[in-house]
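Source file structure_5.txt; content: compact mmCIF, C-alpha atoms.
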# COMPACT_ATOMS: atom_id res chain seq x y z
CA MET Q 146 19.09 6.08 -13.24
CA ARG Q 147 19.04 4.57 -9.78
CA PHE Q 148 17.55 1.15 -10.48
CA PRO Q 149 17.22 -1.25 -13.44
CA PRO Q 150 14.47 -0.11 -15.88
CA ARG Q 151 12.07 -2.96 -15.03
CA LEU Q 152 12.39 -2.14 -11.33
CA GLU Q 153 11.68 1.53 -12.06
CA GLN Q 154 8.63 0.45 -14.03
CA LEU Q 155 7.43 -1.71 -11.12
CA LEU Q 156 7.91 1.26 -8.76
CA ASN Q 157 5.91 3.51 -11.08
CA THR Q 158 3.01 1.08 -11.41
CA LEU Q 159 2.92 0.42 -7.64
CA ARG Q 160 2.57 4.18 -7.17
CA ARG Q 161 -0.74 4.07 -9.07
CA LEU Q 162 -2.21 2.29 -6.04
CA PRO Q 163 -4.11 4.67 -3.73
CA GLY Q 164 -2.03 5.86 -0.78
CA VAL Q 165 1.27 4.55 -2.18
CA GLY Q 166 4.08 7.12 -2.52
CA PRO Q 167 7.69 6.64 -3.68
CA LYS Q 168 8.99 5.26 -0.36
CA THR Q 169 6.12 2.79 0.10
CA ALA Q 170 6.42 1.65 -3.53
CA GLN Q 171 10.11 0.99 -2.93
CA ARG Q 172 9.41 -0.97 0.26
CA MET Q 173 6.78 -3.04 -1.56
CA ALA Q 174 8.97 -3.72 -4.61
CA PHE Q 175 11.98 -4.76 -2.53
CA HIS Q 176 9.81 -6.92 -0.32
CA LEU Q 177 8.34 -8.70 -3.34
CA LEU Q 178 11.63 -9.12 -5.20
CA GLU Q 179 13.82 -10.01 -2.22
CA ARG Q 180 11.56 -11.87 0.12
CA ASP Q 181 8.28 -12.86 -1.55
CA ARG Q 182 8.65 -13.63 -5.24
CA GLU Q 183 5.88 -16.17 -4.90
CA GLY Q 184 3.60 -13.41 -3.58
CA ALA Q 185 4.53 -11.19 -6.53
CA ALA Q 186 3.59 -13.93 -8.98
CA ALA Q 187 0.34 -14.56 -7.10
CA LEU Q 188 -0.49 -10.85 -7.16
CA ALA Q 189 0.18 -10.62 -10.91
CA SER Q 190 -2.08 -13.56 -11.67
CA ALA Q 191 -4.80 -12.41 -9.23
CA LEU Q 192 -4.83 -9.02 -10.96
CA GLN Q 193 -5.16 -10.61 -14.38
CA GLY Q 194 -7.85 -13.02 -13.22
CA ALA Q 195 -9.84 -10.19 -11.65
CA LEU Q 196 -9.49 -7.99 -14.73
CA GLN Q 197 -10.65 -10.77 -17.02
CA HIS Q 198 -13.55 -12.11 -15.01
CA ILE Q 199 -14.91 -9.39 -12.74
CA GLY Q 200 -17.57 -7.09 -14.12
CA HIS Q 201 -20.79 -5.65 -12.74
CA CYS Q 202 -23.93 -7.57 -11.76
CA GLY Q 203 -26.70 -6.85 -14.27
CA ARG Q 204 -29.24 -6.51 -11.45
CA CYS Q 205 -27.52 -4.61 -8.62
CA ARG Q 206 -24.31 -3.32 -10.27
CA MET Q 207 -22.17 -4.99 -7.58
CA LEU Q 208 -18.79 -6.38 -8.66
CA ALA Q 209 -19.57 -9.88 -9.91
CA GLU Q 210 -17.97 -12.73 -11.80
CA GLY Q 211 -21.03 -13.74 -13.84
CA GLU Q 212 -24.06 -11.98 -15.28
CA VAL Q 213 -25.75 -11.85 -11.88
CA CYS Q 214 -23.85 -11.58 -8.59
CA ALA Q 215 -23.86 -14.21 -5.84
CA LEU Q 216 -25.99 -12.02 -3.54
CA CYS Q 217 -28.74 -11.47 -6.13
CA SER Q 218 -28.93 -15.18 -6.94
CA MET Q 219 -28.64 -16.37 -3.33
CA PRO Q 220 -31.76 -18.20 -2.11
CA GLY Q 221 -33.17 -16.94 1.18
CA ARG Q 222 -32.50 -13.24 0.53
CA ASP Q 223 -35.52 -10.97 0.81
CA HIS Q 224 -36.13 -9.62 -2.71
CA ALA Q 225 -38.66 -7.10 -1.40
CA LEU Q 226 -35.88 -5.04 0.23
CA VAL Q 227 -33.40 -3.01 -1.81
CA CYS Q 228 -30.56 -1.26 -0.01
CA VAL Q 229 -29.05 1.55 -2.10
CA VAL Q 230 -25.33 2.15 -1.45
CA GLU Q 231 -22.60 4.22 -3.07
CA SER Q 232 -19.88 1.61 -3.54
CA PRO Q 233 -19.07 -2.13 -3.50
CA ALA Q 234 -17.14 -1.51 -0.27
CA ASP Q 235 -20.43 -0.39 1.33
CA VAL Q 236 -22.03 -3.71 0.36
CA GLY Q 237 -19.13 -5.46 2.08
CA ALA Q 238 -19.61 -3.35 5.22
CA VAL Q 239 -23.37 -3.97 5.42
CA GLU Q 240 -22.90 -7.70 4.76
CA GLU Q 241 -20.26 -7.87 7.47
CA SER Q 242 -22.67 -6.33 9.98
CA GLY Q 243 -24.80 -9.46 9.47
CA SER Q 244 -27.95 -7.42 10.00
CA TYR Q 245 -29.43 -7.35 6.50
CA ARG Q 246 -31.02 -10.10 4.41
CA GLY Q 247 -32.30 -8.10 1.43
CA LEU Q 248 -30.71 -7.15 -1.89
CA TYR Q 249 -28.63 -4.15 -2.95
CA PHE Q 250 -28.24 -1.53 -5.61
CA VAL Q 251 -24.76 -0.03 -6.06
CA LEU Q 252 -24.66 3.51 -7.45
CA HIS Q 253 -20.85 3.67 -7.96
CA GLY Q 254 -20.93 7.31 -6.92
CA ARG Q 255 -23.40 9.94 -5.81
CA LEU Q 256 -25.26 12.74 -7.56
CA SER Q 257 -22.86 15.57 -8.27
CA PRO Q 258 -24.04 17.72 -11.18
CA LEU Q 259 -20.89 19.87 -11.12
CA ASP Q 260 -18.76 16.76 -11.79
CA GLY Q 261 -21.16 15.61 -14.50
CA VAL Q 262 -22.62 12.81 -12.35
CA GLY Q 263 -26.38 12.71 -12.90
CA PRO Q 264 -29.03 9.99 -12.49
CA ALA Q 265 -27.90 8.23 -15.71
CA GLU Q 266 -24.30 7.84 -14.48
CA LEU Q 267 -25.57 6.19 -11.30
CA GLY Q 268 -27.67 3.70 -13.25
CA LEU Q 269 -30.87 5.08 -11.75
CA ASP Q 270 -32.87 4.22 -14.90
CA SER Q 271 -32.17 0.54 -14.26
CA LEU Q 272 -33.10 0.98 -10.57
CA ALA Q 273 -36.35 2.69 -11.68
CA ALA Q 274 -37.17 -0.26 -13.95
CA ARG Q 275 -36.52 -2.62 -11.05
CA LEU Q 276 -38.80 -0.62 -8.73
CA ARG Q 277 -41.55 -0.45 -11.36
CA GLY Q 278 -41.19 -4.19 -12.05
CA GLY Q 279 -42.94 -5.07 -8.79
CA GLY Q 280 -41.80 -7.33 -5.99
CA VAL Q 281 -40.00 -4.53 -4.13
CA ARG Q 282 -41.63 -3.25 -0.93
CA GLU Q 283 -39.03 -0.98 0.63
CA VAL Q 284 -35.97 0.99 -0.52
CA ILE Q 285 -33.37 1.52 2.22
CA LEU Q 286 -31.14 4.52 1.55
CA ALA Q 287 -27.64 3.85 2.85
CA THR Q 288 -25.77 6.59 1.00
CA SER Q 289 -23.18 8.57 2.93
CA ALA Q 290 -24.10 11.36 5.34
CA THR Q 291 -22.61 14.08 3.13
CA VAL Q 292 -24.39 16.84 1.22
CA GLU Q 293 -24.18 14.81 -2.01
CA GLY Q 294 -25.10 11.57 -0.28
CA GLU Q 295 -28.20 13.21 1.22
CA ALA Q 296 -29.18 14.69 -2.16
CA THR Q 297 -28.81 11.27 -3.75
CA ALA Q 298 -30.91 9.69 -0.99
CA ALA Q 299 -33.63 12.31 -1.46
CA TYR Q 300 -33.66 11.72 -5.22
CA VAL Q 301 -33.97 7.94 -4.89
CA ALA Q 302 -36.60 8.34 -2.13
CA THR Q 303 -38.75 10.36 -4.54
CA MET Q 304 -38.31 7.63 -7.18
CA ALA Q 305 -39.45 5.00 -4.66
CA ARG Q 306 -42.49 6.99 -3.52
CA ASP Q 307 -43.47 7.66 -7.14
CA ASN Q 308 -43.75 3.89 -7.44
CA GLY Q 309 -45.80 3.66 -4.26
CA LEU Q 310 -42.91 2.10 -2.30
CA ARG Q 311 -41.67 2.80 1.21
CA ALA Q 312 -38.35 4.71 1.32
CA THR Q 313 -36.29 4.62 4.52
CA ARG Q 314 -32.98 6.20 5.48
CA ILE Q 315 -30.50 4.43 7.78
CA ALA Q 316 -30.28 6.08 11.20
CA HIS Q 317 -27.58 8.63 11.97
CA GLY Q 318 -26.37 9.41 15.47
CA VAL Q 319 -23.74 8.66 18.06
CA PRO Q 320 -21.73 5.51 17.14
CA ILE Q 321 -22.05 2.58 19.55
CA GLY Q 322 -19.21 2.75 22.08
CA GLY Q 323 -18.74 6.46 21.27
CA GLU Q 324 -18.14 8.86 24.14
CA ILE Q 325 -20.63 11.75 23.90
CA GLU Q 326 -17.78 14.10 24.82
CA TYR Q 327 -15.82 13.31 21.65
CA VAL Q 328 -18.69 13.20 19.15
CA ASP Q 329 -18.74 16.12 16.71
CA GLY Q 330 -21.48 18.74 17.00
CA THR Q 331 -23.23 17.91 13.72
CA THR Q 332 -23.59 14.24 14.65
CA LEU Q 333 -24.77 15.14 18.12
CA ALA Q 334 -27.35 17.59 16.75
CA ARG Q 335 -28.59 14.85 14.43
CA ALA Q 336 -28.70 12.34 17.30
CA ILE Q 337 -30.78 14.74 19.42
CA ALA Q 338 -33.15 15.62 16.57
CA GLY Q 339 -33.60 11.90 15.83
CA ARG Q 340 -34.18 10.86 19.46
CA VAL Q 341 -36.56 7.99 20.10
CA VAL Q 342 -38.94 7.30 23.00
CA VAL Q 343 -37.58 4.83 25.55
CA ASP Q 344 -40.09 2.13 26.42
CA THR Q 345 -40.58 1.32 30.08
CA ASP Q 346 -38.86 -2.04 29.48
CA GLY Q 347 -35.67 -0.20 28.48
CA GLU Q 348 -35.88 -0.79 24.70
CA PRO Q 349 -36.12 2.30 22.47
CA GLY Q 350 -39.37 2.69 20.49
CA HIS Q 351 -40.89 5.20 18.07
CA MET D 270 -18.78 -14.92 1.17
CA ARG D 271 -18.80 -11.18 0.77
CA PHE D 272 -17.19 -10.78 -2.65
CA PRO D 273 -16.71 -12.88 -5.80
CA PRO D 274 -13.92 -15.47 -5.37
CA ARG D 275 -11.48 -13.75 -7.74
CA LEU D 276 -11.94 -10.49 -5.87
CA GLU D 277 -11.30 -12.25 -2.55
CA GLN D 278 -8.16 -13.72 -4.08
CA LEU D 279 -7.00 -10.28 -5.22
CA LEU D 280 -7.64 -8.93 -1.70
CA ASN D 281 -5.61 -11.77 -0.18
CA THR D 282 -2.65 -11.28 -2.49
CA LEU D 283 -2.67 -7.50 -2.00
CA ARG D 284 -2.42 -8.17 1.74
CA ARG D 285 0.94 -9.85 1.18
CA LEU D 286 2.36 -6.40 0.44
CA PRO D 287 4.10 -4.87 3.46
CA GLY D 288 1.91 -2.45 5.41
CA VAL D 289 -1.32 -3.47 3.64
CA GLY D 290 -4.18 -4.64 5.89
CA PRO D 291 -7.73 -5.69 4.96
CA LYS D 292 -9.10 -2.14 4.58
CA THR D 293 -6.19 -0.90 2.47
CA ALA D 294 -6.34 -4.02 0.27
CA GLN D 295 -10.04 -3.35 -0.30
CA ARG D 296 -9.38 0.29 -1.16
CA MET D 297 -6.66 -0.76 -3.61
CA ALA D 298 -8.72 -3.52 -5.25
CA PHE D 299 -11.78 -1.30 -5.72
CA HIS D 300 -9.64 1.51 -7.04
CA LEU D 301 -8.00 -0.79 -9.59
CA LEU D 302 -11.23 -2.51 -10.67
CA GLU D 303 -13.50 0.53 -10.68
CA ARG D 304 -11.25 3.38 -11.69
CA ASP D 305 -7.90 2.18 -13.02
CA ARG D 306 -8.11 -1.14 -14.87
CA GLU D 307 -5.29 0.03 -17.10
CA GLY D 308 -3.14 0.52 -14.00
CA ALA D 309 -4.04 -2.97 -12.79
CA ALA D 310 -2.93 -4.48 -16.10
CA ALA D 311 0.27 -2.40 -16.03
CA LEU D 312 1.00 -3.55 -12.48
CA ALA D 313 0.45 -7.22 -13.39
CA SER D 314 2.80 -7.01 -16.36
CA ALA D 315 5.41 -4.96 -14.43
CA LEU D 316 5.40 -7.62 -11.71
CA GLN D 317 5.89 -10.39 -14.23
CA GLY D 318 8.60 -8.49 -16.10
CA ALA D 319 10.46 -7.80 -12.87
CA LEU D 320 10.17 -11.41 -11.69
CA GLN D 321 11.47 -12.72 -14.99
CA HIS D 322 14.33 -10.34 -15.56
CA ILE D 323 15.52 -8.95 -12.24
CA GLY D 324 18.16 -10.88 -10.36
CA HIS D 325 21.30 -9.93 -8.46
CA CYS D 326 24.44 -8.36 -9.90
CA GLY D 327 27.26 -10.91 -9.88
CA ARG D 328 29.71 -8.28 -8.64
CA CYS D 329 27.86 -6.18 -6.04
CA ARG D 330 24.67 -8.20 -5.40
CA MET D 331 22.51 -5.16 -6.25
CA LEU D 332 19.19 -5.88 -8.01
CA ALA D 333 20.11 -6.00 -11.70
CA GLU D 334 18.63 -7.00 -15.04
CA GLY D 335 21.76 -8.57 -16.51
CA GLU D 336 24.80 -10.40 -15.14
CA VAL D 337 26.37 -7.15 -13.95
CA CYS D 338 24.36 -4.13 -12.79
CA ALA D 339 24.35 -0.73 -14.46
CA LEU D 340 26.35 0.86 -11.63
CA CYS D 341 29.15 -1.72 -11.79
CA SER D 342 29.45 -1.38 -15.55
CA MET D 343 29.10 2.42 -15.63
CA PRO D 344 32.23 4.19 -16.90
CA GLY D 345 33.50 6.97 -14.68
CA ARG D 346 32.76 5.26 -11.36
CA ASP D 347 35.73 4.89 -9.03
CA HIS D 348 36.39 1.15 -8.78
CA ALA D 349 38.83 1.71 -5.90
CA LEU D 350 35.96 2.59 -3.54
CA VAL D 351 33.48 -0.02 -2.29
CA CYS D 352 30.55 1.10 -0.18
CA VAL D 353 29.04 -1.76 1.84
CA VAL D 354 25.28 -1.41 2.47
CA GLU D 355 22.55 -3.63 3.88
CA SER D 356 19.91 -3.37 1.15
CA PRO D 357 19.18 -2.22 -2.41
CA ALA D 358 17.15 0.64 -0.91
CA ASP D 359 20.34 1.90 0.73
CA VAL D 360 22.06 2.00 -2.67
CA GLY D 361 19.13 4.10 -3.90
CA ALA D 362 19.47 6.48 -0.95
CA VAL D 363 23.25 6.94 -1.37
CA GLU D 364 22.88 7.42 -5.14
CA GLU D 365 20.16 9.98 -4.58
CA SER D 366 22.46 11.98 -2.29
CA GLY D 367 24.67 12.47 -5.36
CA SER D 368 27.77 12.43 -3.15
CA TYR D 369 29.37 9.11 -4.09
CA ARG D 370 31.08 7.98 -7.28
CA GLY D 371 32.40 4.57 -6.21
CA LEU D 372 30.89 1.07 -6.34
CA TYR D 373 28.78 -0.89 -3.87
CA PHE D 374 28.41 -4.21 -2.18
CA VAL D 375 24.91 -5.15 -0.99
CA LEU D 376 24.76 -7.55 1.99
CA HIS D 377 20.97 -8.17 1.86
CA GLY D 378 20.92 -8.24 5.65
CA ARG D 379 23.32 -7.94 8.57
CA LEU D 380 25.16 -10.39 10.77
CA SER D 381 22.70 -11.95 13.18
CA PRO D 382 23.92 -15.35 14.40
CA LEU D 383 20.71 -15.99 16.37
CA ASP D 384 18.69 -15.73 13.13
CA GLY D 385 21.17 -17.93 11.29
CA VAL D 386 22.63 -15.02 9.30
CA GLY D 387 26.40 -15.45 9.16
CA PRO D 388 29.11 -14.19 6.78
CA ALA D 389 28.12 -16.75 4.12
CA GLU D 390 24.47 -15.54 4.00
CA LEU D 391 25.71 -11.97 3.42
CA GLY D 392 27.93 -13.06 0.51
CA LEU D 393 31.05 -11.98 2.38
CA ASP D 394 33.14 -14.67 0.69
CA SER D 395 32.52 -12.98 -2.65
CA LEU D 396 33.35 -9.58 -1.11
CA ALA D 397 36.57 -11.08 0.31
CA ALA D 398 37.52 -12.34 -3.15
CA ARG D 399 36.85 -8.89 -4.58
CA LEU D 400 39.01 -7.22 -1.91
CA ARG D 401 41.84 -9.72 -2.45
CA GLY D 402 41.58 -9.29 -6.22
CA GLY D 403 43.27 -5.87 -6.05
CA GLY D 404 42.10 -2.54 -7.41
CA VAL D 405 40.18 -1.63 -4.24
CA ARG D 406 41.67 1.06 -2.01
CA GLU D 407 38.97 1.82 0.55
CA VAL D 408 35.92 0.06 1.98
CA ILE D 409 33.23 2.46 3.22
CA LEU D 410 30.95 0.87 5.83
CA ALA D 411 27.42 2.25 5.46
CA THR D 412 25.54 -0.38 7.46
CA SER D 413 22.85 0.84 9.86
CA ALA D 414 23.63 2.32 13.26
CA THR D 415 22.17 -0.63 15.16
CA VAL D 416 23.95 -3.25 17.25
CA GLU D 417 23.85 -5.73 14.36
CA GLY D 418 24.78 -3.09 11.80
CA GLU D 419 27.80 -2.09 13.91
CA ALA D 420 28.86 -5.72 14.36
CA THR D 421 28.61 -6.23 10.59
CA ALA D 422 30.66 -3.08 9.97
CA ALA D 423 33.32 -4.26 12.43
CA TYR D 424 33.49 -7.67 10.74
CA VAL D 425 33.88 -6.21 7.24
CA ALA D 426 36.41 -3.64 8.54
CA THR D 427 38.58 -6.50 9.82
CA MET D 428 38.29 -8.22 6.42
CA ALA D 429 39.40 -5.01 4.71
CA ARG D 430 42.35 -4.44 7.03
CA ASP D 431 43.46 -8.07 6.62
CA ASN D 432 43.81 -7.25 2.95
CA GLY D 433 45.77 -4.09 3.73
CA LEU D 434 42.87 -1.81 2.72
CA ARG D 435 41.51 1.29 4.39
CA ALA D 436 38.16 0.76 6.16
CA THR D 437 36.00 3.80 6.96
CA ARG D 438 32.62 4.16 8.65
CA ILE D 439 30.13 6.84 7.55
CA ALA D 440 29.77 9.62 10.16
CA HIS D 441 27.00 9.53 12.75
CA GLY D 442 25.69 12.62 14.48
CA VAL D 443 23.00 15.27 14.47
CA PRO D 444 21.10 15.31 11.12
CA ILE D 445 21.40 18.49 9.05
CA GLY D 446 18.51 20.77 9.90
CA GLY D 447 17.96 18.88 13.16
CA GLU D 448 17.25 20.90 16.30
CA ILE D 449 19.67 19.85 19.06
CA GLU D 450 16.74 19.97 21.50
CA TYR D 451 14.89 17.14 19.73
CA VAL D 452 17.83 14.85 18.95
CA ASP D 453 17.85 11.64 21.02
CA GLY D 454 20.54 11.19 23.68
CA THR D 455 22.41 8.35 21.97
CA THR D 456 22.82 10.33 18.75
CA LEU D 457 23.89 13.42 20.70
CA ALA D 458 26.44 11.41 22.71
CA ARG D 459 27.82 10.05 19.43
CA ALA D 460 27.90 13.54 17.91
CA ILE D 461 29.85 14.89 20.90
CA ALA D 462 32.27 11.94 20.95
CA GLY D 463 32.84 12.36 17.21
CA ARG D 464 33.33 16.16 17.34
CA VAL D 465 35.77 17.66 14.85
CA VAL D 466 38.07 20.67 15.16
CA VAL D 467 36.71 23.86 13.54
CA ASP D 468 39.25 25.55 11.29
CA THR D 469 39.65 29.31 11.64
CA ASP D 470 38.03 29.69 8.20
CA GLY D 471 34.85 28.11 9.57
CA GLU D 472 35.14 24.72 7.83
CA PRO D 473 35.38 21.66 10.10
CA GLY D 474 38.67 19.71 9.90
CA HIS D 475 40.27 16.72 11.60

Could I get this file's structure written as structure tokens?
Amino acid sequence: MRFPPRLEQLLNTLRRLPGVGPKTAQRMAFHLLERDREGAAALASALQGALQHIGHCGRCRMLAEGEVCALCSMPGRDHALVCVVESPADVGAVEESGSYRGLYFVLHGRLSPLDGVGPAELGLDSLAARLRGGGVREVILATSATVEGEATAAYVATMARDNGLRATRIAHGVPIGGEIEYVDGTTLARAIAGRVVVDTDGEPGH
Amino acid sequence: MRFPPRLEQLLNTLRRLPGVGPKTAQRMAFHLLERDREGAAALASALQGALQHIGHCGRCRMLAEGEVCALCSMPGRDHALVCVVESPADVGAVEESGSYRGLYFVLHGRLSPLDGVGPAELGLDSLAARLRGGGVREVILATSATVEGEATAAYVATMARDNGLRATRIAHGVPIGGEIEYVDGTTLARAIAGRVVVDTDGEPGH
């Protein structure tokens, strides 16, 4: 036994955090106990508050404190646009870009039959009901650019088209500020295949 | 506002942990809320348990659950040896090496007059009382090999000698398994200055 039992327990629970190994857990525990006891108390109560009050939005499955999340009930959002993403973090990233004024649907995963993740696990029945319900014009597929993400996008696109809706996929290509030299071959191939006509005024068109 | 208020609060408190920035805090919060709510509850209660019950050992200033820590009250430890370290993590490291059977004294810092850390802040008056109290034979100085660590070691060594006790410093040199080629110059200079005579039977001696 190196440390008092309650300290060992704190170390063990800190190690359940993603990316935290024994050394990091120790650094965190000592920091909290020696230099930031107030922070430790704040963290404990924030965890409990979050556990008690945060669930999923009944409409978009985003993390939410009430029945319906703040985004879904926000006036001025375009309810005719639904952006389908894999995780709450993706909603945060799109919101931070400041380029989107529609609503979301969070899958909490992607289709992966081998891991037992099918349409039901991703809540696609509730998305289907929402698409059938009317009021939606376009479904924007912002799942990841992986094999499973693409399969999920294709599946949801079919669902949208079956309801007579437009399905779009976010563009893939060279990141802004990226040096062509350092971009991987797959991305570059995709960027070339997805090239757009440059208008004479310098703006790209289709 | 990107996330519900209680989630934002959790993100902010997670960022008080050392080495945790906005992205890591987000990864941790989503992991806890989406995949490990049990772990989040365990972490909250471990934090509260630790805050309530963990203080400092009255003898060695190590983190402890009672008045006196487990190490100080453990039978079979050599009370004549006191190893002086800078932090509780150092006690953990020395204990893990399995090479020491004496007691400790934790400074919780090192002498740094410019930062207002003097002998009183390091609890050296209580160490002095312990050294005067008799029963101690040797003080082992295991402070870090930095300017401040060396100054602290020198200060405590003087205290020990004033009480007629032996003061020793842990050895500094090339780490075991270290390639000479990659060892920094200061360490190598120290290793050469601190060289020991090799006995004819192959064991180093003094």

| query | Near chain Q, which residues of chain D fall within 8 Å when you count all atoms listed in the file, and what do they look like as a PyMOL selection string? | reply | chain D and resi 271-273+275-276+278-279+282-283+285-287+295-297+299-302+306+308-320+322-323+332-334+338-339+357-358+361+364-365

Give me the box for segment 230-242 of chain Q as JSON, namely the centre and edge lengths in Å to one decimal of a box along x, y and z that holds every listed atom plus 6 Å on each side.
{"center_x": -21.2, "center_y": -1.8, "center_z": 3.2, "size_x": 20.2, "size_y": 24.1, "size_z": 25.5}

| task | Can you work out which one of Q:Tyr300, Q:Arg180, Q:Thr332, Q:Val342 has the shortest atom-to-atom distance to Gly378 of chain D, counting only C-alpha atoms? | result | Q:Arg180

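Residues lying within 10 Å of segment 413-422 of chain D, counting all atoms listed in the file and ignoring same-chain neighbours fewer than 2 positions away, are D:Val353, D:Val354, D:Glu355, D:Asp359, D:Leu376, D:Gly378, D:Arg379, D:Leu380, D:Ser381, D:Pro382, D:Gly387, D:Pro388, D:Leu391, D:Ile409, D:Leu410, D:Ala411, D:Tyr424, D:Val425, D:Ala426, D:Thr427, D:Met428, D:Ala436, D:Thr437, D:Arg438, D:Ile439, D:His441, D:Thr456.
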
| query | Separation of atom CA of Val284 of chain Q and atom CA of Gly261 of chain Q, in Å? | reply | 25.1 Å

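Coordinates place atom CA of Cys329 of chain D at a distance of 7.9 Å from atom CA of Leu372 of chain D.
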
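Pairwise distance (atom CA of Ala338 of chain Q, atom CA of Gly318 of chain Q) equals 9.3 Å.
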
| request: Step by step: start from the point (-26.7, 18.0, 19.1) in the file's coordinates, keep every protein, DNA or RNA residue that has an atom no farther than 12 Å from it, count only C-alpha atoms, and write the set as number ranges by chain. | output: Q: 317-319, 325-326, 328-340

For the selection you just gave me, I'd like the residues written to a file as a PDB file, in the coordinates of the input, keeping C-alpha atoms.
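Printed below is selection-v6.pdb as written:
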ATOM      1  CA  HIS Q 317     -27.580   8.630  11.970  1.00  0.00           C
ATOM      2  CA  GLY Q 318     -26.370   9.410  15.470  1.00  0.00           C
ATOM      3  CA  VAL Q 319     -23.740   8.660  18.060  1.00  0.00           C
ATOM      4  CA  ILE Q 325     -20.630  11.750  23.900  1.00  0.00           C
ATOM      5  CA  GLU Q 326     -17.780  14.100  24.820  1.00  0.00           C
ATOM      6  CA  VAL Q 328     -18.690  13.200  19.150  1.00  0.00           C
ATOM      7  CA  ASP Q 329     -18.740  16.120  16.710  1.00  0.00           C
ATOM      8  CA  GLY Q 330     -21.480  18.740  17.000  1.00  0.00           C
ATOM      9  CA  THR Q 331     -23.230  17.910  13.720  1.00  0.00           C
ATOM     10  CA  THR Q 332     -23.590  14.240  14.650  1.00  0.00           C
ATOM     11  CA  LEU Q 333     -24.770  15.140  18.120  1.00  0.00           C
ATOM     12  CA  ALA Q 334     -27.350  17.590  16.750  1.00  0.00           C
ATOM     13  CA  ARG Q 335     -28.590  14.850  14.430  1.00  0.00           C
ATOM     14  CA  ALA Q 336     -28.700  12.340  17.300  1.00  0.00           C
ATOM     15  CA  ILE Q 337     -30.780  14.740  19.420  1.00  0.00           C
ATOM     16  CA  ALA Q 338     -33.150  15.620  16.570  1.00  0.00           C
ATOM     17  CA  GLY Q 339     -33.600  11.900  15.830  1.00  0.00           C
ATOM     18  CA  ARG Q 340     -34.180  10.860  19.460  1.00  0.00           C
TER      19      ARG Q 340
END
